[in-house]
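Asker: I'd like to ask some things about the structure below.
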Amino acid sequence: MAFQIQKKLMNLSTLWYLLILDKKLTGDPAKIKARQNRNVHRLMKRAYEIPFYRERFDACRLTPDDFHCAEDLARFPTLSKDELRRWMKELYDTHPDVRDTWDASSTSGSTGIPLTVYQSQFEHACTNANWIRVLMSFGYNPFFGKMISFESSYRTEKKKRDSIVQRLGILRRRILSEKRCEGDGMKDVIAELNEYKPDLICLRKNCIVRIALYAQKHGLAVHHPKWYIPVSEMVDEVTRGILEKTFGPNLVDAYGSDETGSCIIKRPGRSDYDICNDTHVVNIYDEQGRLSNDGRVIITPLFKTRFPIINYDIGDAASSYIKDGLRCVTKIHGRLNDTVKHENGDETSVLELRKIPNGITGIAQFRYVQESFHDLRVELVRDPQDRTYTEDQIAAFFRDRLTQLYGSEFRIHIRWLDVIPPDPNGKLRCFVCEC
């Protein structure tokens, strides 16, 4: 009963917070910047009262009065995933009397170690409201639109029959279990998509790619939604091409994390990403930790004042520019902590590996697996509708490009697959290091 009451109160909080948010991500830059500045100072005042952050203030000889804008946050230490994990565990261990009232969510553990993040019910409501605002920013109506969404750890696939409210055309959505997106079960999934005709499809990238590949391989037509969002992983150009063949051109590229919520979005037809500048600060740091247009993505959600996450090093790289005092992102390059390991102890970025598939057509999926200091496996899946190049030609292309990068350092093993399976956490990394 207490949980149901909390859920209803959170729903009311979500609605309230949604009402006070600007429904457009773009607008008067001066007003957006002023609101962001106020929220930065408010957050830092609250963080100063929390022992974990008070130590960080004191170590840098700073106070909340030193923070009044996004740029000021560059003076504050960054927060790593390991540091956040330790702080969350400490909070849990030292607050047995109130921890049951916290909202807990677990990340997918793309680095191999899942992270449990705690937040207040109000912070959870703010995260939900901001996600709804993101959906509204490209035209989706959350009350009267129809959505297909993915199954999460706290939400299971609903029965196919709509509720009374949904039959009235309100809050129509269905949850699709990824367990169904395997083998010939795909045929039933596609039939359901065609029958339901959702306005919006929001599924994990590896799942929606598998649906697209099955449809293309078997010559099945799939309903074109008004919009679709591959979530949980970065959308590369190979993925974009495959998805557009099946679902049409209106791909929405939404970026964020379980820890920070969604905060960067590229809408259909736009060349740049917009940032939720009123609810988040997205800074970019260079290798020396200075503000830059190119480098590491550092995110601060401004509404998390009970369990702040300040200057979170999300582990990705991006390019951006500043216009009218606000940051705009031009490209998200992917993870920085994925590195090729060399026998001499050096580690090099995988960004150049990600570029290789863009130089040839006929590929639907790719993954690199470094098996040892001298063995690199390339896993490839054919594009069912593009036979411009043979498998031998594509393999030769990869060998040539990899030789240009590494010389004779690696033995290159090309493996063709029907589909690349996701990792146990549900994601599909394009680079895996096993050594």
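Residue numbering restarts at 1 in every chain; chains get A, B, ... in the order shown in the structure tokens, and ligands count up from 1 in that same order.
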Please, which residues of stretch 190-281 of chain A, numbered as in this document, come out helix (DSSP H, G or I) from DSSP, as a VMD selection string?
Answerer: chain A and resid 190 to 196 205 to 217 237 to 247
Asker: Please dump the current selection as a PDB file, in the first residue's frame; keep C-alpha atoms.
Answerer:
```pdb
ATOM      1  CA  ILE A 190       6.756  -7.523 -36.429  1.00  0.00           C
ATOM      2  CA  ALA A 191       3.119  -8.602 -36.853  1.00  0.00           C
ATOM      3  CA  GLU A 192       2.287  -6.918 -33.537  1.00  0.00           C
ATOM      4  CA  LEU A 193       4.084  -3.725 -34.560  1.00  0.00           C
ATOM      5  CA  ASN A 194       2.119  -3.659 -37.792  1.00  0.00           C
ATOM      6  CA  GLU A 195      -1.173  -4.272 -35.973  1.00  0.00           C
ATOM      7  CA  TYR A 196      -0.562  -1.738 -33.167  1.00  0.00           C
ATOM      8  CA  LYS A 205      19.569  -0.394 -30.026  1.00  0.00           C
ATOM      9  CA  ASN A 206      20.568  -4.048 -30.273  1.00  0.00           C
ATOM     10  CA  CYS A 207      16.905  -5.113 -30.134  1.00  0.00           C
ATOM     11  CA  ILE A 208      15.584  -2.720 -32.773  1.00  0.00           C
ATOM     12  CA  VAL A 209      18.531  -3.610 -35.050  1.00  0.00           C
ATOM     13  CA  ARG A 210      17.687  -7.315 -34.759  1.00  0.00           C
ATOM     14  CA  ILE A 211      14.081  -6.565 -35.737  1.00  0.00           C
ATOM     15  CA  ALA A 212      15.292  -4.566 -38.745  1.00  0.00           C
ATOM     16  CA  LEU A 213      17.700  -7.285 -39.898  1.00  0.00           C
ATOM     17  CA  TYR A 214      15.068 -10.028 -39.575  1.00  0.00           C
ATOM     18  CA  ALA A 215      12.561  -7.958 -41.560  1.00  0.00           C
ATOM     19  CA  GLN A 216      15.100  -7.255 -44.315  1.00  0.00           C
ATOM     20  CA  LYS A 217      16.303 -10.851 -44.494  1.00  0.00           C
ATOM     21  CA  GLU A 237      26.281   5.517 -39.135  1.00  0.00           C
ATOM     22  CA  VAL A 238      26.107   1.792 -39.976  1.00  0.00           C
ATOM     23  CA  THR A 239      23.238   1.366 -37.516  1.00  0.00           C
ATOM     24  CA  ARG A 240      21.472   4.461 -38.779  1.00  0.00           C
ATOM     25  CA  GLY A 241      21.541   3.154 -42.357  1.00  0.00           C
ATOM     26  CA  ILE A 242      20.144  -0.249 -41.406  1.00  0.00           C
ATOM     27  CA  LEU A 243      17.343   1.210 -39.294  1.00  0.00           C
ATOM     28  CA  GLU A 244      16.266   3.780 -41.862  1.00  0.00           C
ATOM     29  CA  LYS A 245      15.760   1.018 -44.442  1.00  0.00           C
ATOM     30  CA  THR A 246      13.201  -0.653 -42.172  1.00  0.00           C
ATOM     31  CA  PHE A 247      11.659   2.091 -40.044  1.00  0.00           C
TER      32      PHE A 247
END
```
Asker: What's the 7 Å shell around A:Asp316, counting only C-alpha atoms, without same-chain residues fewer than 2 positions away, as a PyMOL selection string?
Answerer: chain A and resi 296-297+314+318+333-336
Asker: What does the distance from atom CA of A:Arg54 to atom CA of A:Ile310 come to in Å, to one decimal?
Answerer: 12.3 Å
Asker: Between atom CA of A:Tyr321 and atom CA of A:Trp131, what is the distance, to one decimal in Å?
Answerer: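 Value for the atom CA of A:Tyr321-atom CA of A:Trp131 distance: 23.9 Å.
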Asker: Using only C-alpha atoms for the distances, tell me which of A:Tyr118, A:Leu380, A:Asn130, A:Leu220 is nearest to A:Arg367.
Answerer: A:Leu380
